[in-house]
$ cat model30.cif   # mmCIF, C-alpha atoms
data_model
loop_
_atom_site.label_atom_id
_atom_site.label_comp_id
_atom_site.auth_asym_id
_atom_site.auth_seq_id
_atom_site.Cartn_x
_atom_site.Cartn_y
_atom_site.Cartn_z
CA MET A 1 0.00 0.00 0.00
CA LEU A 2 1.16 3.51 -0.84
CA PRO A 3 1.36 4.87 2.75
CA ASP A 4 3.88 2.16 3.74
CA TYR A 5 5.93 2.18 0.55
CA GLN A 6 9.52 3.30 0.98
CA ILE A 7 11.55 4.61 -1.93
CA THR A 8 15.07 3.22 -1.97
CA GLU A 9 16.04 3.54 -5.63
CA PRO A 10 14.90 5.39 -8.75
CA ILE A 11 11.40 4.33 -9.76
CA ALA A 12 9.07 4.77 -12.70
CA LEU A 13 5.35 4.87 -12.02
CA VAL A 14 2.88 3.49 -14.55
CA PHE A 15 -0.81 4.31 -14.21
CA GLY A 16 -3.55 2.38 -15.95
CA THR A 17 -6.96 3.45 -17.12
CA GLU A 18 -9.76 3.56 -14.59
CA MET A 19 -11.66 0.60 -16.03
CA GLU A 20 -8.96 -1.78 -17.20
CA GLY A 21 -5.82 -0.81 -15.31
CA VAL A 22 -2.43 -1.38 -16.89
CA SER A 23 -1.78 -4.12 -19.45
CA GLU A 24 -0.60 -7.63 -18.61
CA GLU A 25 2.78 -6.87 -20.19
CA VAL A 26 3.33 -3.92 -17.88
CA ILE A 27 2.34 -5.95 -14.83
CA ASP A 28 4.72 -8.75 -15.84
CA PHE A 29 7.48 -6.20 -16.32
CA ALA A 30 6.86 -4.32 -13.06
CA ASP A 31 8.91 -4.96 -9.92
CA GLU A 32 5.99 -4.05 -7.70
CA THR A 33 2.38 -3.04 -7.73
CA LEU A 34 1.21 -0.27 -5.45
CA ALA A 35 -2.34 0.36 -4.24
CA ILE A 36 -3.83 3.60 -2.93
CA PRO A 37 -6.06 2.79 0.03
CA MET A 38 -9.69 3.79 -0.45
CA TYR A 39 -12.09 4.52 2.35
CA GLY A 40 -15.78 5.14 2.79
CA LEU A 41 -17.84 5.13 -0.37
CA THR A 42 -14.92 5.59 -2.76
CA ARG A 43 -14.78 2.83 -5.38
CA SER A 44 -12.06 4.14 -7.66
CA TYR A 45 -9.94 7.18 -8.42
CA ASN A 46 -9.58 8.56 -11.89
CA VAL A 47 -6.05 8.47 -13.21
CA SER A 48 -5.27 12.15 -12.55
CA VAL A 49 -6.34 11.85 -8.91
CA ALA A 50 -4.42 8.58 -8.52
CA ALA A 51 -1.29 10.16 -10.04
CA GLY A 52 -1.70 13.30 -7.90
CA ILE A 53 -1.96 11.31 -4.68
CA CYS A 54 0.98 9.03 -5.54
CA MET A 55 3.29 11.85 -6.52
CA TYR A 56 2.34 13.96 -3.53
CA GLU A 57 2.97 11.05 -1.15
CA LEU A 58 6.20 9.91 -2.78
CA LYS A 59 7.57 13.47 -2.87
CA GLN A 60 6.87 13.89 0.85
CA LYS A 61 8.61 10.58 1.53
CA LEU A 62 11.61 11.69 -0.53
CA ILE A 63 11.84 14.98 1.35
CA LYS A 64 11.76 13.14 4.70
CA SER A 65 14.17 10.40 3.56
CA GLY A 66 17.24 12.56 3.22
CA ILE A 67 17.93 10.91 -0.16
CA ASP A 68 19.67 13.23 -2.61
CA TYR A 69 16.90 12.95 -5.19
CA LYS A 70 17.20 16.26 -6.99
CA LEU A 71 18.21 16.41 -10.63
CA SER A 72 21.48 18.13 -11.48
CA GLU A 73 21.26 21.69 -12.75
CA GLU A 74 21.98 20.42 -16.27
CA LYS A 75 19.28 17.74 -16.20
CA ARG A 76 16.76 20.21 -14.82
CA MET A 77 17.56 22.65 -17.61
CA LYS A 78 17.21 19.90 -20.24
CA MET A 79 13.87 18.86 -18.77
CA LYS A 80 12.62 22.46 -18.75
CA ILE A 81 13.64 22.85 -22.39
CA ARG A 82 11.90 19.62 -23.34
CA TRP A 83 8.79 20.74 -21.49
CA ALA A 84 8.83 24.15 -23.16
CA VAL A 85 9.42 22.69 -26.62
CA ASN A 86 6.56 20.23 -26.19
CA SER A 87 4.22 22.86 -24.72
CA MET A 88 4.53 25.34 -27.58
CA ARG A 89 3.07 25.16 -31.02
CA SER A 90 6.06 24.95 -33.40
CA GLY A 91 8.23 24.47 -30.31
CA LYS A 92 10.62 22.18 -32.18
CA GLN A 93 11.14 24.67 -35.02
CA ILE A 94 11.57 27.60 -32.61
CA PHE A 95 14.12 25.64 -30.60
CA GLU A 96 16.07 24.59 -33.69
CA LYS A 97 16.13 28.16 -34.96
CA TYR A 98 17.38 29.35 -31.55
CA LEU A 99 20.19 26.79 -31.62
CA ARG A 100 21.16 27.77 -35.19
CA ASP A 101 21.04 31.51 -34.46
CA HIS A 102 23.24 31.10 -31.40
CA HIS A 103 25.54 28.51 -33.00
CA LEU A 104 24.68 25.98 -30.32
CA GLU A 105 24.29 22.22 -30.38
CA MET A 106 22.27 19.99 -28.15
CA MET B 1 1.13 23.82 4.19
CA LEU B 2 -0.74 20.53 4.01
CA PRO B 3 2.17 18.22 4.98
CA ASP B 4 2.62 20.02 8.31
CA TYR B 5 -1.04 20.51 9.15
CA GLN B 6 -2.23 18.64 12.22
CA ILE B 7 -5.88 17.85 12.78
CA THR B 8 -6.97 18.51 16.35
CA GLU B 9 -10.72 19.03 15.95
CA PRO B 10 -13.46 18.35 13.41
CA ILE B 11 -12.87 20.29 10.20
CA ALA B 12 -14.73 21.13 7.03
CA LEU B 13 -12.74 21.53 3.83
CA VAL B 14 -13.84 24.01 1.18
CA PHE B 15 -12.30 23.83 -2.29
CA GLY B 16 -12.47 26.62 -4.81
CA THR B 17 -12.46 26.59 -8.56
CA GLU B 18 -9.11 26.31 -10.31
CA MET B 19 -9.14 29.85 -11.69
CA GLU B 20 -10.76 31.92 -8.96
CA GLY B 21 -10.41 29.89 -5.80
CA VAL B 22 -13.02 30.23 -3.06
CA SER B 23 -15.06 33.40 -2.56
CA GLU B 24 -14.08 36.28 -0.26
CA GLU B 25 -16.93 35.37 2.08
CA VAL B 26 -15.62 31.84 2.52
CA ILE B 27 -12.08 33.09 3.17
CA ASP B 28 -13.37 35.57 5.76
CA PHE B 29 -15.33 32.79 7.40
CA ALA B 30 -12.51 30.22 7.38
CA ASP B 31 -10.32 29.58 10.43
CA GLU B 32 -7.37 28.68 8.24
CA THR B 33 -6.21 28.38 4.68
CA LEU B 34 -4.23 25.37 3.60
CA ALA B 35 -1.92 25.10 0.61
CA ILE B 36 -0.80 21.96 -1.20
CA PRO B 37 2.89 22.32 -2.05
CA MET B 38 3.63 22.19 -5.77
CA TYR B 39 6.94 21.20 -7.25
CA GLY B 40 8.61 21.18 -10.63
CA LEU B 41 6.53 22.44 -13.51
CA THR B 42 3.18 22.11 -11.74
CA ARG B 43 1.28 25.41 -11.68
CA SER B 44 -2.07 24.31 -10.33
CA TYR B 45 -4.14 21.25 -9.49
CA ASN B 46 -7.68 20.83 -10.66
CA VAL B 47 -10.19 20.61 -7.84
CA SER B 48 -10.59 16.81 -7.94
CA VAL B 49 -6.83 16.29 -7.67
CA ALA B 50 -6.59 18.92 -4.89
CA ALA B 51 -9.43 17.26 -2.99
CA GLY B 52 -7.94 13.79 -3.53
CA ILE B 53 -4.54 14.82 -2.19
CA CYS B 54 -6.01 16.65 0.83
CA MET B 55 -8.29 13.83 1.83
CA TYR B 56 -5.62 11.20 1.35
CA GLU B 57 -3.15 13.18 3.47
CA LEU B 58 -5.63 14.09 6.20
CA LYS B 59 -6.89 10.51 6.43
CA GLN B 60 -3.33 9.22 6.88
CA LYS B 61 -2.75 11.83 9.60
CA LEU B 62 -5.96 10.79 11.34
CA ILE B 63 -4.97 7.11 11.25
CA LYS B 64 -1.57 7.93 12.78
CA SER B 65 -2.97 10.39 15.34
CA GLY B 66 -4.87 7.86 17.41
CA ILE B 67 -7.88 10.23 17.39
CA ASP B 68 -11.20 8.39 17.53
CA TYR B 69 -12.43 9.88 14.26
CA LYS B 70 -14.80 7.19 13.06
CA LEU B 71 -18.52 7.86 12.78
CA SER B 72 -20.83 5.87 15.02
CA GLU B 73 -22.56 2.88 13.43
CA GLU B 74 -25.80 4.88 13.31
CA LYS B 75 -24.23 7.90 11.59
CA ARG B 76 -22.49 5.67 9.08
CA MET B 77 -25.77 3.97 8.27
CA LYS B 78 -27.51 7.32 7.83
CA MET B 79 -24.74 8.53 5.56
CA LYS B 80 -24.91 5.36 3.45
CA ILE B 81 -28.66 5.75 3.12
CA ARG B 82 -28.29 9.41 2.08
CA TRP B 83 -25.63 8.42 -0.42
CA ALA B 84 -27.79 5.63 -1.85
CA VAL B 85 -30.89 7.84 -2.04
CA ASN B 86 -28.98 10.59 -3.83
CA SER B 87 -27.23 8.13 -6.18
CA MET B 88 -30.37 6.47 -7.48
CA ARG B 89 -32.91 7.82 -9.87
CA SER B 90 -36.16 8.09 -7.88
CA GLY B 91 -34.09 7.35 -4.77
CA LYS B 92 -36.27 9.55 -2.61
CA GLN B 93 -39.51 7.85 -3.72
CA ILE B 94 -38.01 4.37 -3.32
CA PHE B 95 -36.80 5.23 0.16
CA GLU B 96 -40.15 6.70 1.20
CA LYS B 97 -41.97 3.64 -0.09
CA TYR B 98 -39.56 1.40 1.83
CA LEU B 99 -40.23 3.33 5.03
CA ARG B 100 -44.01 3.16 4.49
CA ASP B 101 -43.99 -0.55 3.64
CA HIS B 102 -41.97 -1.35 6.76
CA HIS B 103 -43.82 1.10 9.00
CA LEU B 104 -40.58 2.95 9.75
CA GLU B 105 -39.82 6.59 10.35
CA MET B 106 -36.60 8.48 9.84
#
$ encode --input "model30.cif" --output "structure tokens"
Amino acid sequence: MLPDYQITEPIALVFGTEMEGVSEEVIDFADETLAIPMYGLTRSYNVSVAAGICMYELKQKLIKSGIDYKLSEEKRMKMKIRWAVNSMRSGKQIFEKYLRDHHLEM
Amino acid sequence: MLPDYQITEPIALVFGTEMEGVSEEVIDFADETLAIPMYGLTRSYNVSVAAGICMYELKQKLIKSGIDYKLSEEKRMKMKIRWAVNSMRSGKQIFEKYLRDHHLEM
């Protein structure tokens, strides 16, 4: 269950759809499955709520753990660029033009 | 902030809309305001994710606190009935017929 789960190494989370969950292949490939406890009249969470709860909980655990989990400045910058490029219409073209204009490579 | 918040008495949570939050009146009336920490590229949570995270976190705190927070059997039953009545089409009529047929009052 999520409240008891302890992070000890890098993990990737995979969320399934509300009705069918993740595929058999993913389950076979996974090291662990993790359940969010549900109480009262709750029967399921939609995937955004499930992801929100998991990431909130795991982030709090990371903060408390003392693990050095933060990305390096370089990785953070690369992730921000990827996010920006994917968020903008014509992001790829704008980014490529920027690199050309500034004689940069990436 | 939510991770540090400790429940010591019964509370009611009010969630606002993503764009405008709760109204001035509600803020004036509230004893406290509570923020969910956001990290990385997150800029806001929609209200279902915000509610999911808050209720997950507060429930875990309650479980750990040792507070006797559970509703009495009678209150739970009343809440289940209210939930069922509101979930069903014609729930109110079905419930009233049930009470009449069994000579019950509520």
$ closest_atom_pairs --input "model30.cif" --of "chain B" --to "chain A" --cutoff "7 Å" --atoms "all atoms listed in the file" --output "JSON lines"
{"residue": "B:Ser48", "atom": "CA", "partner": "A:Val49", "partner_atom": "CA", "distance": 6.6}
{"residue": "B:Val49", "atom": "CA", "partner": "A:Val49", "partner_atom": "CA", "distance": 4.6}
{"residue": "B:Gly52", "atom": "CA", "partner": "A:Val49", "partner_atom": "CA", "distance": 5.9}
{"residue": "B:Ile53", "atom": "CA", "partner": "A:Ile53", "partner_atom": "CA", "distance": 5.0}
$ write_last_selection --input "model30.cif" --atoms "C-alpha atoms" --output "compact mmCIF listing (two decimals), keeping the file's coordinate frame"
# COMPACT_ATOMS: atom_id res chain seq x y z
CA SER B 48 -10.59 16.81 -7.94
CA VAL B 49 -6.83 16.29 -7.67
CA GLY B 52 -7.94 13.79 -3.53
CA ILE B 53 -4.54 14.82 -2.19
$ atom_distance --input "model30.cif" --atom1 "atom CA of Ala30 of chain B" --atom2 "atom CA of Val14 of chain B"
8.9 Å
$ atom_distance --input "model30.cif" --atom1 "atom CA of Lys75 of chain A" --atom2 "atom CA of Asp4 of chain B"
29.7 Å
$ closest_residue --input "model30.cif" --among "B:His102, B:Tyr69, B:Glu25, B:Lys64" --to "Ile11 of chain B" --atoms "all atoms listed in the file"
B:Tyr69
$ atom_distance --input "model30.cif" --atom1 "atom CA of Thr42 of chain B" --atom2 "atom CA of Gly16 of chain B"
17.7 Å
$ decode --input "model30.cif" --residues "segment 65-104 of chain B" --atoms "C-alpha atoms" --output "PDB file, in the first residue's frame"
ATOM      1  CA  SER B  65      -2.974  10.386  15.338  1.00  0.00           C
ATOM      2  CA  GLY B  66      -4.870   7.860  17.413  1.00  0.00           C
ATOM      3  CA  ILE B  67      -7.878  10.229  17.394  1.00  0.00           C
ATOM      4  CA  ASP B  68     -11.197   8.387  17.532  1.00  0.00           C
ATOM      5  CA  TYR B  69     -12.426   9.877  14.264  1.00  0.00           C
ATOM      6  CA  LYS B  70     -14.798   7.193  13.061  1.00  0.00           C
ATOM      7  CA  LEU B  71     -18.516   7.861  12.781  1.00  0.00           C
ATOM      8  CA  SER B  72     -20.830   5.866  15.019  1.00  0.00           C
ATOM      9  CA  GLU B  73     -22.559   2.880  13.430  1.00  0.00           C
ATOM     10  CA  GLU B  74     -25.798   4.883  13.307  1.00  0.00           C
ATOM     11  CA  LYS B  75     -24.231   7.903  11.587  1.00  0.00           C
ATOM     12  CA  ARG B  76     -22.488   5.674   9.079  1.00  0.00           C
ATOM     13  CA  MET B  77     -25.766   3.969   8.272  1.00  0.00           C
ATOM     14  CA  LYS B  78     -27.512   7.320   7.826  1.00  0.00           C
ATOM     15  CA  MET B  79     -24.740   8.532   5.558  1.00  0.00           C
ATOM     16  CA  LYS B  80     -24.905   5.365   3.448  1.00  0.00           C
ATOM     17  CA  ILE B  81     -28.661   5.752   3.119  1.00  0.00           C
ATOM     18  CA  ARG B  82     -28.290   9.406   2.084  1.00  0.00           C
ATOM     19  CA  TRP B  83     -25.629   8.420  -0.423  1.00  0.00           C
ATOM     20  CA  ALA B  84     -27.788   5.631  -1.853  1.00  0.00           C
ATOM     21  CA  VAL B  85     -30.893   7.841  -2.036  1.00  0.00           C
ATOM     22  CA  ASN B  86     -28.979  10.585  -3.830  1.00  0.00           C
ATOM     23  CA  SER B  87     -27.231   8.129  -6.183  1.00  0.00           C
ATOM     24  CA  MET B  88     -30.372   6.472  -7.476  1.00  0.00           C
ATOM     25  CA  ARG B  89     -32.914   7.819  -9.869  1.00  0.00           C
ATOM     26  CA  SER B  90     -36.156   8.094  -7.880  1.00  0.00           C
ATOM     27  CA  GLY B  91     -34.088   7.354  -4.774  1.00  0.00           C
ATOM     28  CA  LYS B  92     -36.274   9.554  -2.609  1.00  0.00           C
ATOM     29  CA  GLN B  93     -39.508   7.853  -3.724  1.00  0.00           C
ATOM     30  CA  ILE B  94     -38.013   4.368  -3.318  1.00  0.00           C
ATOM     31  CA  PHE B  95     -36.797   5.229   0.161  1.00  0.00           C
ATOM     32  CA  GLU B  96     -40.148   6.704   1.203  1.00  0.00           C
ATOM     33  CA  LYS B  97     -41.966   3.643  -0.092  1.00  0.00           C
ATOM     34  CA  TYR B  98     -39.564   1.400   1.827  1.00  0.00           C
ATOM     35  CA  LEU B  99     -40.226   3.326   5.030  1.00  0.00           C
ATOM     36  CA  ARG B 100     -44.014   3.159   4.490  1.00  0.00           C
ATOM     37  CA  ASP B 101     -43.987  -0.545   3.636  1.00  0.00           C
ATOM     38  CA  HIS B 102     -41.971  -1.345   6.758  1.00  0.00           C
ATOM     39  CA  HIS B 103     -43.822   1.102   8.995  1.00  0.00           C
ATOM     40  CA  LEU B 104     -40.583   2.946   9.748  1.00  0.00           C
TER      41      LEU B 104
END
